[in-house]
Amino acid sequence: MAAHLQGSLFDQTDPIDPAGRAGGTDGAGGIGPGPLTGVRRSVLGDGAWLDLLPGWLSGADALFVHLARTVPWRAERRRMYDREVAVPRLLAFYGAADPLPHPALDAARDALSARYAAELGEPFVTAGLCYYRDGRDSVAWHGDRIGRGSREDTMVAIVSVGEPRDLALRPRGGGAPARRVPLGHGDLVVMGGSCQRTWEHAVPKTARGAGPRISVQFRPRGVR
Ligand SMILES: O=C(O)CCC(=O)C(=O)O
Ligand SMILES: [Fe+2]
């Protein structure tokens with residue numbers, strides 16, 4: 001599995017201990033979020049914005065391997081017109097009361113909740129996970145509009161591990177070209193302001209031989 005990740009299985013900064021785990025002093029095996037001080041905001045327009053911090057998580061490749069192996073991934077099917085089709089990615093969902101599959105994700109969620117408390121007014125509580133097995137897996141254009149996303153501003157914070165894939169964004173009403181943000185290897189992106197209402201996002205399929213990627217989406221209660 002994930003043979004192409006072997007070369008970078010552990011980040012340079014993670015010493016490997018004799019038991020074969022990445023070392024570290026944070027109690028999570030050297031896997032975890034760094035400071036959020038380097039976050040940079042891009043204003044998209046129509047009240048939407050995007051915060052980006054490449055390489056926020058250290059040990060991202062080891063976290064990818066852990067999540068790929070231990071998360072109970074579900075293959076879902078959805079009705080599309082008169083047919084049932086396979087959802088082109090694997091999924092897992094952790095509600096507010098569910099233990100997350102790695103302590104680095106608790107640390108990430110808590111750090112994000114602290115950082116965005118004033119602007120968001122509530123914590124991030126759920127974690128949705130997507131596993132894109134290769135370039136044929138994708139998510140179609142959408143906003144996370146269940147819950148508050150269709151009528152109120154909210155935030156969705158995404159941590160991405162594994163190989164980079166583009167997160168594409170376009171205004172819901174058209175009129176501007178789609179933007180693309182490559183995400184992988186521990187990168188953080190936060191979609192905020194009106195982003196779920198006035199913009200759409202997608203992870204497009206790619207013909208380039210893309211390796212596997214896992215994204216973890218942290219959302220406030222009820223937002224999907
Ligand atoms: O994988 C990603 O980065 C995006 C996933 C997404 O948009 C969603 O699950 O709502
Ligand atoms: Fe989404």
# chains A, B, ... in the order shown; residues from 1 in each chain; ligands from 1

$ closest_atom_pairs --of "chain A" --to "ligand 1" --cutoff "8 Å" --atoms "only C-alpha atoms and all ligand atoms" --output "Markdown table"
| residue | atom | partner | partner_atom_place_in_ligand_line | distance |
| --- | --- | --- | --- | --- |
| A:Gly128 | CA | ligand 1 | 9 (O) | 6.7 |
| A:Leu129 | CA | ligand 1 | 9 (O) | 7.2 |
| A:Cys130 | CA | ligand 1 | 1 (O) | 5.8 |
| A:Tyr131 | CA | ligand 1 | 1 (O) | 7.8 |
| A:Tyr132 | CA | ligand 1 | 1 (O) | 7.8 |
| A:Ser138 | CA | ligand 1 | 1 (O) | 8.0 |
| A:Val139 | CA | ligand 1 | 5 (C) | 6.6 |
| A:His142 | CA | ligand 1 | 7 (O) | 7.3 |
| A:Gly143 | CA | ligand 1 | 10 (O) | 7.1 |
| A:Asp144 | CA | ligand 1 | 10 (O) | 5.6 |
| A:Ile158 | CA | ligand 1 | 3 (O) | 6.0 |
| A:Val159 | CA | ligand 1 | 3 (O) | 7.6 |
| A:Ser160 | CA | ligand 1 | 3 (O) | 6.7 |
| A:Leu167 | CA | ligand 1 | 3 (O) | 6.0 |
| A:Leu183 | CA | ligand 1 | 3 (O) | 7.4 |
| A:His201 | CA | ligand 1 | 7 (O) | 6.2 |
| A:Ala202 | CA | ligand 1 | 7 (O) | 6.0 |
| A:Val203 | CA | ligand 1 | 4 (C) | 6.2 |
| A:Ile214 | CA | ligand 1 | 1 (O) | 7.0 |
| A:Ser215 | CA | ligand 1 | 1 (O) | 4.7 |
| A:Val216 | CA | ligand 1 | 1 (O) | 7.2 |
| A:Gln217 | CA | ligand 1 | 9 (O) | 6.6 |
| A:Arg224 | CA | ligand 1 | 10 (O) | 6.9 |

$ residues_around --residues "Gly209 (chain A)" --least-positions-apart "3" --cutoff "12 Å" --atoms "only C-alpha atoms" --output "PyMOL selection string"
chain A and resi 4+133-137+163-165+205-206+212

$ write_last_selection --atoms "N, CA and C atoms" --output "PDB file, in the first residue's frame"
ATOM      1  N   HIS A   4       4.462   4.529  -3.226  1.00  0.00           N
ATOM      2  CA  HIS A   4       5.129   5.765  -3.657  1.00  0.00           C
ATOM      3  C   HIS A   4       5.336   6.731  -2.511  1.00  0.00           C
ATOM      4  N   ARG A 133      -8.307   7.569  -3.421  1.00  0.00           N
ATOM      5  CA  ARG A 133      -7.365   6.470  -3.652  1.00  0.00           C
ATOM      6  C   ARG A 133      -6.387   6.769  -4.768  1.00  0.00           C
ATOM      7  N   ASP A 134      -6.850   7.481  -5.788  1.00  0.00           N
ATOM      8  CA  ASP A 134      -5.992   7.885  -6.910  1.00  0.00           C
ATOM      9  C   ASP A 134      -6.685   9.031  -7.632  1.00  0.00           C
ATOM     10  N   GLY A 135      -6.139   9.402  -8.792  1.00  0.00           N
ATOM     11  CA  GLY A 135      -6.638  10.575  -9.510  1.00  0.00           C
ATOM     12  C   GLY A 135      -8.058  10.446 -10.026  1.00  0.00           C
ATOM     13  N   ARG A 136      -8.593   9.203 -10.007  1.00  0.00           N
ATOM     14  CA  ARG A 136      -9.983   9.028 -10.453  1.00  0.00           C
ATOM     15  C   ARG A 136     -10.974   9.350  -9.347  1.00  0.00           C
ATOM     16  N   ASP A 137     -10.511   9.364  -8.098  1.00  0.00           N
ATOM     17  CA  ASP A 137     -11.397   9.760  -6.999  1.00  0.00           C
ATOM     18  C   ASP A 137     -11.495  11.283  -6.951  1.00  0.00           C
ATOM     19  N   GLU A 163      -0.526  12.534  -0.893  1.00  0.00           N
ATOM     20  CA  GLU A 163      -0.088  13.247  -2.096  1.00  0.00           C
ATOM     21  C   GLU A 163      -0.963  14.474  -2.339  1.00  0.00           C
ATOM     22  N   PRO A 164      -0.389  15.523  -2.921  1.00  0.00           N
ATOM     23  CA  PRO A 164      -1.191  16.722  -3.186  1.00  0.00           C
ATOM     24  C   PRO A 164      -2.269  16.500  -4.240  1.00  0.00           C
ATOM     25  N   ARG A 165      -3.439  17.084  -3.980  1.00  0.00           N
ATOM     26  CA  ARG A 165      -4.510  17.202  -4.971  1.00  0.00           C
ATOM     27  C   ARG A 165      -4.992  18.642  -4.927  1.00  0.00           C
ATOM     28  N   LYS A 205     -11.120  15.350 -10.612  1.00  0.00           N
ATOM     29  CA  LYS A 205     -10.333  14.190 -11.049  1.00  0.00           C
ATOM     30  C   LYS A 205      -9.102  14.702 -11.782  1.00  0.00           C
ATOM     31  N   THR A 206      -8.053  13.904 -11.804  1.00  0.00           N
ATOM     32  CA  THR A 206      -6.864  14.304 -12.543  1.00  0.00           C
ATOM     33  C   THR A 206      -6.318  13.117 -13.327  1.00  0.00           C
ATOM     34  N   PRO A 212      -2.399   8.522  -3.425  1.00  0.00           N
ATOM     35  CA  PRO A 212      -3.525   8.664  -2.504  1.00  0.00           C
ATOM     36  C   PRO A 212      -3.397   9.887  -1.589  1.00  0.00           C
TER      37      PRO A 212
END

$ residues_around --residues "Arg180 (chain A)" --least-positions-apart "3" --cutoff "7 Å" --atoms "only C-alpha atoms" --output "compact mmCIF listing (two decimals) with C-alpha atoms, in the first residue's frame"
# COMPACT_ATOMS: atom_id res chain seq x y z
CA ASP A 166 -6.03 20.49 -6.08
CA LEU A 167 -8.87 22.04 -4.12
CA ALA A 168 -10.74 24.05 -6.77
CA LEU A 169 -12.93 27.05 -5.87

$ residues_around --residues "Asp187 (chain A)" --least-positions-apart "4" --cutoff "8 Å" --atoms "only C-alpha atoms" --output "PDB file with C-alpha atoms, in the first residue's frame"
ATOM      1  CA  LEU A  52      -3.702  28.702   4.093  1.00  0.00           C
ATOM      2  CA  LEU A  53      -0.780  27.216   5.994  1.00  0.00           C
ATOM      3  CA  PRO A  54       1.327  24.750   3.990  1.00  0.00           C
ATOM      4  CA  GLY A  55       3.001  22.004   6.036  1.00  0.00           C
ATOM      5  CA  TRP A  56       1.124  22.741   9.263  1.00  0.00           C
ATOM      6  CA  LEU A  57       1.223  19.103  10.428  1.00  0.00           C
ATOM      7  CA  VAL A 159      -6.024  19.223   6.945  1.00  0.00           C
ATOM      8  CA  SER A 160      -4.628  17.237   4.042  1.00  0.00           C
ATOM      9  CA  VAL A 161      -2.143  14.361   4.154  1.00  0.00           C
ATOM     10  CA  LEU A 183      -3.194  20.487  -0.847  1.00  0.00           C
TER      11      LEU A 183
END

$ closest_residue --among "A:Arg115, A:Arg208, A:Arg74, A:Arg145" --to "ligand 2" --atoms "only C-alpha atoms and all ligand atoms"
A:Arg145

$ atom_distance --atom1 "CA of Ala86 (chain A)" --atom2 "CA of Leu100 (chain A)"
25.7 Å

$ atom_distance --atom1 "CA of Glu76 (chain A)" --atom2 "CA of Leu91 (chain A)"
7.6 Å

$ atom_distance --atom1 "CA of Glu200 (chain A)" --atom2 "atom 1 (Fe, counted along the ligand's line) of ligand 2"
8.1 Å

$ closest_residue --among "A:Arg78, A:Arg219, A:His185, A:Arg109" --to "ligand 2" --atoms "only C-alpha atoms and all ligand atoms"
A:Arg219

$ closest_residue --among "A:Gly147, A:Pro101, A:Pro204, A:Gly193" --to "Val181 (chain A)" --atoms "only C-alpha atoms"
A:Pro204

$ decode --residues "region 83-111 of chain A" --atoms "N, CA and C atoms" --output "PDB file, in the first residue's frame"
ATOM      1  N   ARG A  83     -30.184   6.039 -11.557  1.00  0.00           N
ATOM      2  CA  ARG A  83     -29.145   5.018 -11.345  1.00  0.00           C
ATOM      3  C   ARG A  83     -28.556   5.157  -9.952  1.00  0.00           C
ATOM      4  N   GLU A  84     -27.921   4.070  -9.493  1.00  0.00           N
ATOM      5  CA  GLU A  84     -27.140   4.150  -8.265  1.00  0.00           C
ATOM      6  C   GLU A  84     -25.675   4.108  -8.660  1.00  0.00           C
ATOM      7  N   VAL A  85     -24.903   5.077  -8.170  1.00  0.00           N
ATOM      8  CA  VAL A  85     -23.493   5.135  -8.571  1.00  0.00           C
ATOM      9  C   VAL A  85     -22.605   5.104  -7.334  1.00  0.00           C
ATOM     10  N   ALA A  86     -21.373   4.624  -7.504  1.00  0.00           N
ATOM     11  CA  ALA A  86     -20.410   4.595  -6.406  1.00  0.00           C
ATOM     12  C   ALA A  86     -19.916   6.013  -6.153  1.00  0.00           C
ATOM     13  N   VAL A  87     -19.883   6.431  -4.898  1.00  0.00           N
ATOM     14  CA  VAL A  87     -19.270   7.709  -4.533  1.00  0.00           C
ATOM     15  C   VAL A  87     -17.761   7.557  -4.770  1.00  0.00           C
ATOM     16  N   PRO A  88     -17.146   8.473  -5.544  1.00  0.00           N
ATOM     17  CA  PRO A  88     -15.754   8.249  -5.964  1.00  0.00           C
ATOM     18  C   PRO A  88     -14.715   8.654  -4.923  1.00  0.00           C
ATOM     19  N   ARG A  89     -14.845   8.150  -3.735  1.00  0.00           N
ATOM     20  CA  ARG A  89     -13.873   8.324  -2.654  1.00  0.00           C
ATOM     21  C   ARG A  89     -14.381   7.497  -1.488  1.00  0.00           C
ATOM     22  N   LEU A  90     -13.502   7.201  -0.528  1.00  0.00           N
ATOM     23  CA  LEU A  90     -13.939   6.500   0.682  1.00  0.00           C
ATOM     24  C   LEU A  90     -14.194   7.531   1.770  1.00  0.00           C
ATOM     25  N   LEU A  91     -15.101   7.181   2.703  1.00  0.00           N
ATOM     26  CA  LEU A  91     -15.550   8.174   3.678  1.00  0.00           C
ATOM     27  C   LEU A  91     -15.538   7.621   5.095  1.00  0.00           C
ATOM     28  N   ALA A  92     -15.396   8.530   6.052  1.00  0.00           N
ATOM     29  CA  ALA A  92     -15.597   8.209   7.472  1.00  0.00           C
ATOM     30  C   ALA A  92     -16.060   9.493   8.140  1.00  0.00           C
ATOM     31  N   PHE A  93     -16.870   9.359   9.173  1.00  0.00           N
ATOM     32  CA  PHE A  93     -17.354  10.558   9.869  1.00  0.00           C
ATOM     33  C   PHE A  93     -17.270  10.356  11.368  1.00  0.00           C
ATOM     34  N   TYR A  94     -16.705  11.334  12.070  1.00  0.00           N
ATOM     35  CA  TYR A  94     -16.590  11.312  13.520  1.00  0.00           C
ATOM     36  C   TYR A  94     -17.412  12.456  14.088  1.00  0.00           C
ATOM     37  N   GLY A  95     -18.478  12.108  14.814  1.00  0.00           N
ATOM     38  CA  GLY A  95     -19.317  13.117  15.454  1.00  0.00           C
ATOM     39  C   GLY A  95     -18.621  13.686  16.680  1.00  0.00           C
ATOM     40  N   ALA A  96     -19.290  14.645  17.310  1.00  0.00           N
ATOM     41  CA  ALA A  96     -18.679  15.364  18.438  1.00  0.00           C
ATOM     42  C   ALA A  96     -18.238  14.424  19.557  1.00  0.00           C
ATOM     43  N   ALA A  97     -18.966  13.326  19.761  1.00  0.00           N
ATOM     44  CA  ALA A  97     -18.667  12.445  20.890  1.00  0.00           C
ATOM     45  C   ALA A  97     -17.742  11.288  20.506  1.00  0.00           C
ATOM     46  N   ASP A  98     -17.393  11.176  19.237  1.00  0.00           N
ATOM     47  CA  ASP A  98     -16.588  10.028  18.791  1.00  0.00           C
ATOM     48  C   ASP A  98     -15.102  10.285  18.972  1.00  0.00           C
ATOM     49  N   PRO A  99     -14.358   9.324  19.529  1.00  0.00           N
ATOM     50  CA  PRO A  99     -12.900   9.505  19.620  1.00  0.00           C
ATOM     51  C   PRO A  99     -12.288   9.526  18.214  1.00  0.00           C
ATOM     52  N   LEU A 100     -11.386  10.469  17.998  1.00  0.00           N
ATOM     53  CA  LEU A 100     -10.752  10.601  16.679  1.00  0.00           C
ATOM     54  C   LEU A 100      -9.688   9.515  16.506  1.00  0.00           C
ATOM     55  N   PRO A 101      -9.347   9.190  15.267  1.00  0.00           N
ATOM     56  CA  PRO A 101      -8.449   8.042  15.019  1.00  0.00           C
ATOM     57  C   PRO A 101      -6.983   8.309  15.295  1.00  0.00           C
ATOM     58  N   HIS A 102      -6.590   9.531  15.625  1.00  0.00           N
ATOM     59  CA  HIS A 102      -5.202   9.796  16.015  1.00  0.00           C
ATOM     60  C   HIS A 102      -5.193  11.059  16.881  1.00  0.00           C
ATOM     61  N   PRO A 103      -4.370  11.060  17.964  1.00  0.00           N
ATOM     62  CA  PRO A 103      -4.343  12.244  18.844  1.00  0.00           C
ATOM     63  C   PRO A 103      -3.928  13.522  18.125  1.00  0.00           C
ATOM     64  N   ALA A 104      -3.189  13.405  17.018  1.00  0.00           N
ATOM     65  CA  ALA A 104      -2.810  14.619  16.271  1.00  0.00           C
ATOM     66  C   ALA A 104      -4.048  15.343  15.754  1.00  0.00           C
ATOM     67  N   LEU A 105      -5.120  14.587  15.489  1.00  0.00           N
ATOM     68  CA  LEU A 105      -6.340  15.226  14.995  1.00  0.00           C
ATOM     69  C   LEU A 105      -7.062  15.968  16.117  1.00  0.00           C
ATOM     70  N   ASP A 106      -7.024  15.412  17.351  1.00  0.00           N
ATOM     71  CA  ASP A 106      -7.568  16.156  18.505  1.00  0.00           C
ATOM     72  C   ASP A 106      -6.788  17.461  18.682  1.00  0.00           C
ATOM     73  N   ALA A 107      -5.462  17.345  18.587  1.00  0.00           N
ATOM     74  CA  ALA A 107      -4.610  18.535  18.769  1.00  0.00           C
ATOM     75  C   ALA A 107      -4.895  19.567  17.687  1.00  0.00           C
ATOM     76  N   ALA A 108      -5.083  19.097  16.451  1.00  0.00           N
ATOM     77  CA  ALA A 108      -5.370  20.017  15.340  1.00  0.00           C
ATOM     78  C   ALA A 108      -6.714  20.704  15.541  1.00  0.00           C
ATOM     79  N   ARG A 109      -7.739  19.905  15.881  1.00  0.00           N
ATOM     80  CA  ARG A 109      -9.084  20.472  16.077  1.00  0.00           C
ATOM     81  C   ARG A 109      -9.067  21.507  17.203  1.00  0.00           C
ATOM     82  N   ASP A 110      -8.395  21.180  18.319  1.00  0.00           N
ATOM     83  CA  ASP A 110      -8.381  22.096  19.463  1.00  0.00           C
ATOM     84  C   ASP A 110      -7.619  23.381  19.135  1.00  0.00           C
ATOM     85  N   ALA A 111      -6.516  23.249  18.406  1.00  0.00           N
ATOM     86  CA  ALA A 111      -5.744  24.442  18.032  1.00  0.00           C
ATOM     87  C   ALA A 111      -6.559  25.330  17.092  1.00  0.00           C
TER      88      ALA A 111
END
